[in-house]
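Peer 1: Encoded as structure tokens, here's the structure I'll be asking about.
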Amino acid sequence: MAGFIIRRVISSFLVVVLTSMFVFALFFLGPSNPAGPVCEASGKCTAERLALIEEQMGLNESVVTQYGAFAKGIFVDRTITIGSEYECDAPCLGISYGTRGQVTDELLEKYPATLSIAIGGAMIYLTLGVLLGVLAARWRGTAADRLLVGGSLLVSSVPYYLFALLAWIFLTLQWSIFPATGYTPLTENPGAWFAGLLLPWVVIGVTFSTQYARFTRGSMVETLGEDYIRTATAKGVKSNKVVFKHGLRAAIVPIVTIFGLDFAALLAGTVFTERIFNINGVGWWALNSIQSPQDFPVITATVLVSAVLVVVANLLVDVIYSFLDPRVRMS
Amino acid sequence: MTTADLEQLEHELPPGEPVDKKIAGKSPTRIAFERLRKDKVAVISSAVVLLLILMGLFAPLICSLWGIYPDNSDPASPRPSEVLSFDTFPAIGPPYYPFTWEHPLGLAPRTGYDNLARLLYGIRTSLSVAAAATILSTVIGVSIGLVAGFARGWLDRLISFVIDLFLSFPFLLGALALAPIIISRFSTNLEALSKAQVIALVSVLVVFGWMALARLIRGQVLSLREREFVQAAQVMGVPTRRILFKELLPNLVAPIVVATSLTLPAYVAAEAGLSYLGIGLTGVPSLGQTINDAVNSYAEYPLYLWAPVVTVMVLVLALNLLGDSIRDAFDPKTRR
């Protein structure tokens with residue numbers, strides 16, 4: 001068991017390190033010059049000015065030195081020169097070209113919005129999806145089951161962002177059923193926080209739940225065919241108890257995997273959701289930072305942090321799974 | 001014997017199938033095809049897909065017959081000042097004037113481009129980008145999966161690690177990061193920019209799209225390579241390349257077809273989505289880009305938004321349902 005976890009941790013760490021190198025290489029060795037946007041932002045960009053900025057940003061150093069400085073910044077404070085000098089406290093992910101603030105601080109500022117969307121949406125789609133899946137499996141073959149299966153196929157066949165867009169247009173813009181969307185910090189005004197995020201939650205919840213309903217249904221149908229379920233029914237256990245206690249407990253295991261990965265993907269950046277519902281979170285921030293002038297440190301940071309989230313979620317799912325299902329440990 | 005003769009022979013003698021049987025042996029592909037023809041959903045959705053493909057394919061022809069233009073690069077196209085009132089909303093057709101056959105879907109606000117022409121060219125762009133990305137990612141995914149599954153050992157471990165590495169990269173943010181870099185490498189002038197965007201978009205889709213198929217094929221090959229016919233080929237000294245492509249690949253047709261048919265709609269959706277976000281195509285007509293433009297003027301001009309939204313929806317839905325039917329048709333579990 002310990003060996004399994006250690007092996008997974010090492011390989012996850014390796015993935016994170018390689019991703020960071022890859023992202024770094026993409027921006028700092030890519031075809032576009034990071035000094036360019038900085039130079040242009042400060043008015044007239046002459047060749048000498050560009051050379052000076054390149055020099056200050058350390059772009060003339062070797063690749064390894066540059067990456068070393070970037071990686072070191074994650075653990076200790078460093079000073080970054082972009083036009084003038086900026087302090088960057090550890091964990092330092094750089095200084096934004098646009099706002100000249102520390103990327104780490106801004107990231108922490110934007111995260112609550114994305115986190116709120118992800119947690120609220122996940123709560124809805126998990127409960128709704130599992131419940132629908134269990135009910136469909138229980139009344140397998142009936143009209144309700146067929147409606148659910150067909151409906152979920154239909155919903156998952158249409159791109160998510162179109163649903164979100166149409167929901168926003170109809171439900172808030174045209175019919176005003178839902179309050180206008182946006183993000184207000186929870187600590188500032190809980191009511192406004194809830195109202196602004198209600199529609200995104202519902203949209204994420206409903207669209208994602210169809211997928212969970214299908215998975216749960218499949219898993220439940222398999223479980224309900226097991227001998228121990230028949231034994232329980234034969235003993236006279238109430239049908240609800242058989243389905244929800246005996247059946248669901250075993251059937252929920254595969255759902256853990258999908259949930260972990262989906263949730264990490266949601267945390268990594270709900271770009272469409274934030275763009276459509278006008279919520280200033282990490283996805284919105286990343287999207288804005290690629291518009292010219294491009295804000296390389298911001299893109300690097302968002303991609304890196306999301307990759308770390310996905311890797312950590314993968315790791316957690318594997319570890320949790322190995323506790324739940326002994327067969328995983330053996331192989 | 002020439003290669004043509006060999007091909008002829010191969011055609012007459014399908015490998016591994018008895019020929020002199022009264023009961024005709026059907027290949028899995030053939031069985032699947034016959035089942036598809038009986039599937040109502042599959043027939044309807046393939047008709048819709050075919051119609052949309054034809055619309056995209058003949059977009060230039062339809063436009064020139066109708067006399068509409070997707071942009072004003074053509075000298076014969078109407079100037080924006082001629083068709084727009086106060087340079088914003090169109091002076092003919094919706095939203096403020098009655099329907100006209102000259103421009104059935106109206107004109108775009110501000111630019112004066114014909115919406116039907118943009119739509120047809122948008123379908124064309126969308127399908128060609130998705131098709132190119134699907135073909136490329138299928139070839140890459142299948143080759144990598146074949147090699148990983150067949151090689152086992154350190155090469156397999158390395159490839160599996162690379163697959164994990166790419167899977168841990170969030171697609172949207174990866175696309176956000178990669179697109180501007182590829183574009184800035186190719187863009188020297190505006191003409192080249194639209195080409196660069198297409199290349200960037202296809203590359204982004206391929207870079208983040210080959211892993212699932214590679215993993216699937218690897219798994220299949222791992223079990224196939226233990227079968228007798230592969231061992232026989234190895235004993236006979238058949239070169240590895242031949243074993244991979246002549247012995248293993250024909251056995252992988254079903255998963256490849258299924259994966260491909262479900263990849264295509266995903267790419268169509270991704271293309272429109274990325275263009276909607278403004279990180280896809282801007283130089284050529286694209287459905288996602290039109291959606292993005294139209295959202296702002298929805299209150300005054302709903303048709304402008306509805307046309308591309310419904311088109312993307314129908315296109316992705318039809319392709320997905322067709323893909324789903326294809327999967328069922330190839331699945332031995334649902335075989336009656």
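Identifiers for the structure tokens are assigned positionally: chains receive A, B, ... in sequence, residues are indexed from 1 per chain, and ligands are indexed from 1 in the order shown.
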With a distance threshold of 10 Å and counting only C-alpha atoms, extract the residues of chain B near chain A and express them as a PyMOL selection string.
Peer 2: chain B and resi 161-162+164-186+265-266+268-270+272-274+276-279+291+295+298-299+306+309-310+312-321+324
Peer 1: Taking 4 positions as the minimum chain separation for residues in the same chain, which residues sit within 10 Å of Pro179 of chain A when counting only C-alpha atoms? Answer as a PyMOL selection string.
Peer 2: chain A and resi 171-173+192+194-199
Peer 1: Using only C-alpha atoms, which residues sit within 12 Å of Arg241 of chain B once same-chain residues fewer than 4 positions away are excluded, as number ranges by chain?
Peer 2: B: 143, 146-147, 150-151, 233-234, 237, 245-249
Peer 1: Going by DSSP on the backbone, which bits of segment 39-227 of chain A are strand (DSSP E or B)? Write them as a VMD selection string, please.
Peer 2: chain A and resid 78 to 82 84 to 88 95 102
Peer 1: Kindly export the residues of the current selection with N, CA, C and O atoms, as a PDB file, in the first residue's frame.
Peer 2:
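Result file is part16.pdb:
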ATOM      1  N   ARG A  78      11.965  36.572  -4.582  1.00  0.00           N
ATOM      2  CA  ARG A  78      12.921  37.066  -5.573  1.00  0.00           C
ATOM      3  C   ARG A  78      12.505  38.454  -6.037  1.00  0.00           C
ATOM      4  O   ARG A  78      11.383  38.899  -5.774  1.00  0.00           O
ATOM      5  N   THR A  79      13.416  39.113  -6.722  1.00  0.00           N
ATOM      6  CA  THR A  79      13.113  40.434  -7.256  1.00  0.00           C
ATOM      7  C   THR A  79      13.070  40.321  -8.767  1.00  0.00           C
ATOM      8  O   THR A  79      13.958  39.720  -9.373  1.00  0.00           O
ATOM      9  N   ILE A  80      12.023  40.847  -9.362  1.00  0.00           N
ATOM     10  CA  ILE A  80      11.886  40.759 -10.807  1.00  0.00           C
ATOM     11  C   ILE A  80      11.922  42.165 -11.384  1.00  0.00           C
ATOM     12  O   ILE A  80      11.289  43.087 -10.851  1.00  0.00           O
ATOM     13  N   THR A  81      12.695  42.327 -12.446  1.00  0.00           N
ATOM     14  CA  THR A  81      12.797  43.637 -13.075  1.00  0.00           C
ATOM     15  C   THR A  81      12.012  43.647 -14.381  1.00  0.00           C
ATOM     16  O   THR A  81      12.334  42.917 -15.313  1.00  0.00           O
ATOM     17  N   ILE A  82      10.944  44.404 -14.395  1.00  0.00           N
ATOM     18  CA  ILE A  82      10.208  44.625 -15.641  1.00  0.00           C
ATOM     19  C   ILE A  82      10.066  46.132 -15.766  1.00  0.00           C
ATOM     20  O   ILE A  82       9.160  46.721 -15.201  1.00  0.00           O
ATOM     21  N   SER A  84      10.873  48.482 -14.056  1.00  0.00           N
ATOM     22  CA  SER A  84      11.470  48.810 -12.765  1.00  0.00           C
ATOM     23  C   SER A  84      11.428  47.547 -11.904  1.00  0.00           C
ATOM     24  O   SER A  84      10.910  46.520 -12.321  1.00  0.00           O
ATOM     25  N   GLU A  85      11.943  47.639 -10.681  1.00  0.00           N
ATOM     26  CA  GLU A  85      12.077  46.437  -9.853  1.00  0.00           C
ATOM     27  C   GLU A  85      10.798  46.126  -9.076  1.00  0.00           C
ATOM     28  O   GLU A  85      10.145  47.026  -8.572  1.00  0.00           O
ATOM     29  N   TYR A  86      10.461  44.854  -8.997  1.00  0.00           N
ATOM     30  CA  TYR A  86       9.283  44.429  -8.246  1.00  0.00           C
ATOM     31  C   TYR A  86       9.669  43.318  -7.297  1.00  0.00           C
ATOM     32  O   TYR A  86      10.397  42.400  -7.672  1.00  0.00           O
ATOM     33  N   GLU A  87       9.141  43.404  -6.066  1.00  0.00           N
ATOM     34  CA  GLU A  87       9.344  42.321  -5.099  1.00  0.00           C
ATOM     35  C   GLU A  87       8.350  41.221  -5.402  1.00  0.00           C
ATOM     36  O   GLU A  87       7.193  41.487  -5.740  1.00  0.00           O
ATOM     37  N   CYS A  88       8.794  39.986  -5.329  1.00  0.00           N
ATOM     38  CA  CYS A  88       7.860  38.892  -5.548  1.00  0.00           C
ATOM     39  C   CYS A  88       8.074  37.868  -4.441  1.00  0.00           C
ATOM     40  O   CYS A  88       9.117  37.233  -4.362  1.00  0.00           O
ATOM     41  N   ILE A  95       5.492  38.401 -12.053  1.00  0.00           N
ATOM     42  CA  ILE A  95       4.811  39.686 -11.917  1.00  0.00           C
ATOM     43  C   ILE A  95       3.985  39.884 -13.193  1.00  0.00           C
ATOM     44  O   ILE A  95       4.488  39.694 -14.301  1.00  0.00           O
ATOM     45  N   GLN A 102       1.704  40.977  -8.082  1.00  0.00           N
ATOM     46  CA  GLN A 102       2.223  39.618  -7.991  1.00  0.00           C
ATOM     47  C   GLN A 102       1.159  38.638  -8.469  1.00  0.00           C
ATOM     48  O   GLN A 102       0.008  38.686  -8.029  1.00  0.00           O
TER      49      GLN A 102
END
Peer 1: Where in segment 64-206 of chain A does DSSP assign alpha helix (DSSP H), given as a ChimeraX atom specification?
Peer 2: /A:64-73,103-138,143-157,160-167,190-206
Peer 1: Selected residues, C-alpha atoms, written as a PDB file, in the first residue's frame, please.
Peer 2:
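After the write, result34.pdb holds the following:
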ATOM      1  CA  VAL A  64      18.437  26.570 -17.628  1.00  0.00           C
ATOM      2  CA  THR A  65      19.308  29.700 -15.637  1.00  0.00           C
ATOM      3  CA  GLN A  66      15.961  31.281 -16.518  1.00  0.00           C
ATOM      4  CA  TYR A  67      13.993  28.199 -15.559  1.00  0.00           C
ATOM      5  CA  GLY A  68      16.112  27.875 -12.413  1.00  0.00           C
ATOM      6  CA  ALA A  69      15.202  31.420 -11.406  1.00  0.00           C
ATOM      7  CA  PHE A  70      11.520  30.732 -12.084  1.00  0.00           C
ATOM      8  CA  ALA A  71      11.536  27.462 -10.135  1.00  0.00           C
ATOM      9  CA  LYS A  72      13.529  28.976  -7.269  1.00  0.00           C
ATOM     10  CA  GLY A  73      10.946  31.755  -6.997  1.00  0.00           C
ATOM     11  CA  VAL A 103       0.619  36.823  -9.962  1.00  0.00           C
ATOM     12  CA  THR A 104       0.254  34.672  -6.845  1.00  0.00           C
ATOM     13  CA  ASP A 105      -1.743  37.369  -5.068  1.00  0.00           C
ATOM     14  CA  GLU A 106      -4.004  37.922  -8.041  1.00  0.00           C
ATOM     15  CA  LEU A 107      -4.493  34.196  -8.406  1.00  0.00           C
ATOM     16  CA  LEU A 108      -5.621  33.934  -4.786  1.00  0.00           C
ATOM     17  CA  GLU A 109      -7.926  36.854  -5.411  1.00  0.00           C
ATOM     18  CA  LYS A 110      -9.586  35.222  -8.449  1.00  0.00           C
ATOM     19  CA  TYR A 111      -9.793  31.707  -7.069  1.00  0.00           C
ATOM     20  CA  PRO A 112     -12.784  32.098  -4.734  1.00  0.00           C
ATOM     21  CA  ALA A 113     -15.042  32.830  -7.727  1.00  0.00           C
ATOM     22  CA  THR A 114     -13.955  29.739  -9.647  1.00  0.00           C
ATOM     23  CA  LEU A 115     -14.033  27.647  -6.479  1.00  0.00           C
ATOM     24  CA  SER A 116     -17.585  28.833  -5.720  1.00  0.00           C
ATOM     25  CA  ILE A 117     -18.772  27.879  -9.204  1.00  0.00           C
ATOM     26  CA  ALA A 118     -17.081  24.484  -9.043  1.00  0.00           C
ATOM     27  CA  ILE A 119     -18.286  23.497  -5.568  1.00  0.00           C
ATOM     28  CA  GLY A 120     -21.877  24.633  -6.102  1.00  0.00           C
ATOM     29  CA  GLY A 121     -22.110  23.021  -9.533  1.00  0.00           C
ATOM     30  CA  ALA A 122     -20.514  19.800  -8.323  1.00  0.00           C
ATOM     31  CA  MET A 123     -22.937  19.501  -5.420  1.00  0.00           C
ATOM     32  CA  ILE A 124     -25.899  19.768  -7.761  1.00  0.00           C
ATOM     33  CA  TYR A 125     -24.666  17.460 -10.480  1.00  0.00           C
ATOM     34  CA  LEU A 126     -23.448  14.801  -8.093  1.00  0.00           C
ATOM     35  CA  THR A 127     -26.670  14.519  -6.090  1.00  0.00           C
ATOM     36  CA  LEU A 128     -28.963  14.965  -9.078  1.00  0.00           C
ATOM     37  CA  GLY A 129     -26.985  12.639 -11.335  1.00  0.00           C
ATOM     38  CA  VAL A 130     -26.583   9.835  -8.799  1.00  0.00           C
ATOM     39  CA  LEU A 131     -30.215  10.060  -7.724  1.00  0.00           C
ATOM     40  CA  LEU A 132     -31.505   9.960 -11.314  1.00  0.00           C
ATOM     41  CA  GLY A 133     -29.128   7.121 -12.158  1.00  0.00           C
ATOM     42  CA  VAL A 134     -30.245   5.028  -9.200  1.00  0.00           C
ATOM     43  CA  LEU A 135     -33.916   5.606  -9.940  1.00  0.00           C
ATOM     44  CA  ALA A 136     -33.422   4.758 -13.620  1.00  0.00           C
ATOM     45  CA  ALA A 137     -31.604   1.548 -12.685  1.00  0.00           C
ATOM     46  CA  ARG A 138     -34.313   0.636 -10.219  1.00  0.00           C
ATOM     47  CA  ALA A 143     -40.792   4.667 -19.907  1.00  0.00           C
ATOM     48  CA  ALA A 144     -39.179   6.879 -17.249  1.00  0.00           C
ATOM     49  CA  ASP A 145     -35.892   5.026 -17.666  1.00  0.00           C
ATOM     50  CA  ARG A 146     -35.966   5.339 -21.439  1.00  0.00           C
ATOM     51  CA  LEU A 147     -36.790   9.033 -21.153  1.00  0.00           C
ATOM     52  CA  LEU A 148     -33.830   9.549 -18.851  1.00  0.00           C
ATOM     53  CA  VAL A 149     -31.390   7.635 -21.038  1.00  0.00           C
ATOM     54  CA  GLY A 150     -32.591   9.361 -24.205  1.00  0.00           C
ATOM     55  CA  GLY A 151     -32.692  12.759 -22.556  1.00  0.00           C
ATOM     56  CA  SER A 152     -29.201  12.403 -21.151  1.00  0.00           C
ATOM     57  CA  LEU A 153     -27.856  11.359 -24.549  1.00  0.00           C
ATOM     58  CA  LEU A 154     -29.507  14.407 -26.090  1.00  0.00           C
ATOM     59  CA  VAL A 155     -28.205  16.809 -23.455  1.00  0.00           C
ATOM     60  CA  SER A 156     -24.656  15.475 -23.602  1.00  0.00           C
ATOM     61  CA  SER A 157     -24.737  15.683 -27.414  1.00  0.00           C
ATOM     62  CA  TYR A 160     -22.123  22.789 -23.010  1.00  0.00           C
ATOM     63  CA  TYR A 161     -21.422  26.414 -23.866  1.00  0.00           C
ATOM     64  CA  LEU A 162     -24.512  26.634 -26.080  1.00  0.00           C
ATOM     65  CA  PHE A 163     -26.655  25.460 -23.168  1.00  0.00           C
ATOM     66  CA  ALA A 164     -25.054  28.004 -20.917  1.00  0.00           C
ATOM     67  CA  LEU A 165     -25.480  30.749 -23.483  1.00  0.00           C
ATOM     68  CA  LEU A 166     -29.125  29.934 -24.181  1.00  0.00           C
ATOM     69  CA  ALA A 167     -29.874  29.600 -20.471  1.00  0.00           C
ATOM     70  CA  PRO A 190     -23.907  36.213   0.983  1.00  0.00           C
ATOM     71  CA  GLY A 191     -27.254  36.957  -0.651  1.00  0.00           C
ATOM     72  CA  ALA A 192     -25.717  38.569  -3.719  1.00  0.00           C
ATOM     73  CA  TRP A 193     -23.110  35.810  -3.883  1.00  0.00           C
ATOM     74  CA  PHE A 194     -25.847  33.194  -4.009  1.00  0.00           C
ATOM     75  CA  ALA A 195     -28.036  35.091  -6.476  1.00  0.00           C
ATOM     76  CA  GLY A 196     -25.199  35.803  -8.885  1.00  0.00           C
ATOM     77  CA  LEU A 197     -24.028  32.202  -9.001  1.00  0.00           C
ATOM     78  CA  LEU A 198     -27.418  30.478  -9.001  1.00  0.00           C
ATOM     79  CA  LEU A 199     -27.783  30.153 -12.767  1.00  0.00           C
ATOM     80  CA  PRO A 200     -24.206  28.943 -13.390  1.00  0.00           C
ATOM     81  CA  TRP A 201     -24.712  26.297 -10.710  1.00  0.00           C
ATOM     82  CA  VAL A 202     -27.986  25.143 -12.193  1.00  0.00           C
ATOM     83  CA  VAL A 203     -26.569  25.017 -15.728  1.00  0.00           C
ATOM     84  CA  ILE A 204     -23.438  23.122 -14.687  1.00  0.00           C
ATOM     85  CA  GLY A 205     -25.499  20.917 -12.406  1.00  0.00           C
ATOM     86  CA  VAL A 206     -28.045  19.938 -15.033  1.00  0.00           C
TER      87      VAL A 206
END
Peer 1: When distances are computed from only C-alpha atoms, which of A:Trp139, A:Ile279, A:Ile6, A:Leu93 shows the smallest separation from Ser20 of chain A?
Peer 2: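 Among the listed residues, A:Leu93 lies closest to Ser20 of chain A.
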Peer 1: Restricting the calculation to only C-alpha atoms, which member of A:Leu315, A:Leu324, A:Ala51, A:Cys39 is positioned closest to Ile10 of chain A?
Peer 2: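 Closest to Ile10 of chain A of all the choices is A:Leu315.
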Peer 1: Find the spatial neighbours of segment 92-99 of chain B, counting only C-alpha atoms, within a cut-off of 12 Å - ignore same-chain residues fewer than 3 positions away - and output them as a list of chain:residue names.
Peer 2: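 Skipping anything fewer than 3 positions along the chain leaves B:Pro80, B:Glu82, B:Val83, B:Leu84, B:Ser85, B:Thr88, B:Phe89, B:Glu102, B:His103, B:Pro104, B:Leu105, B:Gly106, B:Leu107, B:Ala108, B:Pro109, B:Gly112, B:Asp114, B:Asn115, B:Ser297, B:Tyr298, B:Ala299, B:Glu300, B:Tyr301, B:Pro302, B:Leu303, B:Tyr304, B:Leu305.
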Peer 1: For the residues in the current selection, export C-alpha atoms as a compact mmCIF listing (two decimals), in the first residue's frame.
Peer 2:
# COMPACT_ATOMS: atom_id res chain seq x y z
CA PRO B 80 -21.43 48.27 -46.02
CA GLU B 82 -25.07 50.62 -49.27
CA VAL B 83 -26.86 48.00 -47.17
CA LEU B 84 -26.62 49.41 -43.65
CA SER B 85 -28.55 52.30 -42.23
CA THR B 88 -25.17 49.69 -37.83
CA PHE B 89 -28.25 47.64 -38.61
CA GLU B 102 -31.95 38.40 -51.54
CA HIS B 103 -30.63 37.80 -48.03
CA PRO B 104 -32.77 35.05 -46.43
CA LEU B 105 -30.96 35.17 -43.07
CA GLY B 106 -30.39 38.88 -43.20
CA LEU B 107 -27.20 40.86 -43.03
CA ALA B 108 -24.72 41.17 -40.21
CA PRO B 109 -24.86 44.45 -38.31
CA GLY B 112 -23.06 44.14 -43.80
CA ASP B 114 -24.60 38.17 -45.70
CA ASN B 115 -25.52 35.83 -42.86
CA SER B 297 -26.96 42.50 -30.51
CA TYR B 298 -29.35 39.73 -29.46
CA ALA B 299 -31.90 42.11 -28.00
CA GLU B 300 -32.39 43.88 -31.35
CA TYR B 301 -31.53 41.11 -33.77
CA PRO B 302 -32.26 37.58 -32.47
CA LEU B 303 -32.10 35.88 -35.89
CA TYR B 304 -28.45 36.85 -36.20
CA LEU B 305 -27.70 34.69 -33.14
Peer 1: Tell me, in Å to one decimal, how far atom CA of Ala131 of chain B is from atom CA of Leu193 of chain B.
Peer 2: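 About the pair atom CA of Ala131 of chain B and atom CA of Leu193 of chain B: they are 20.8 Å apart.
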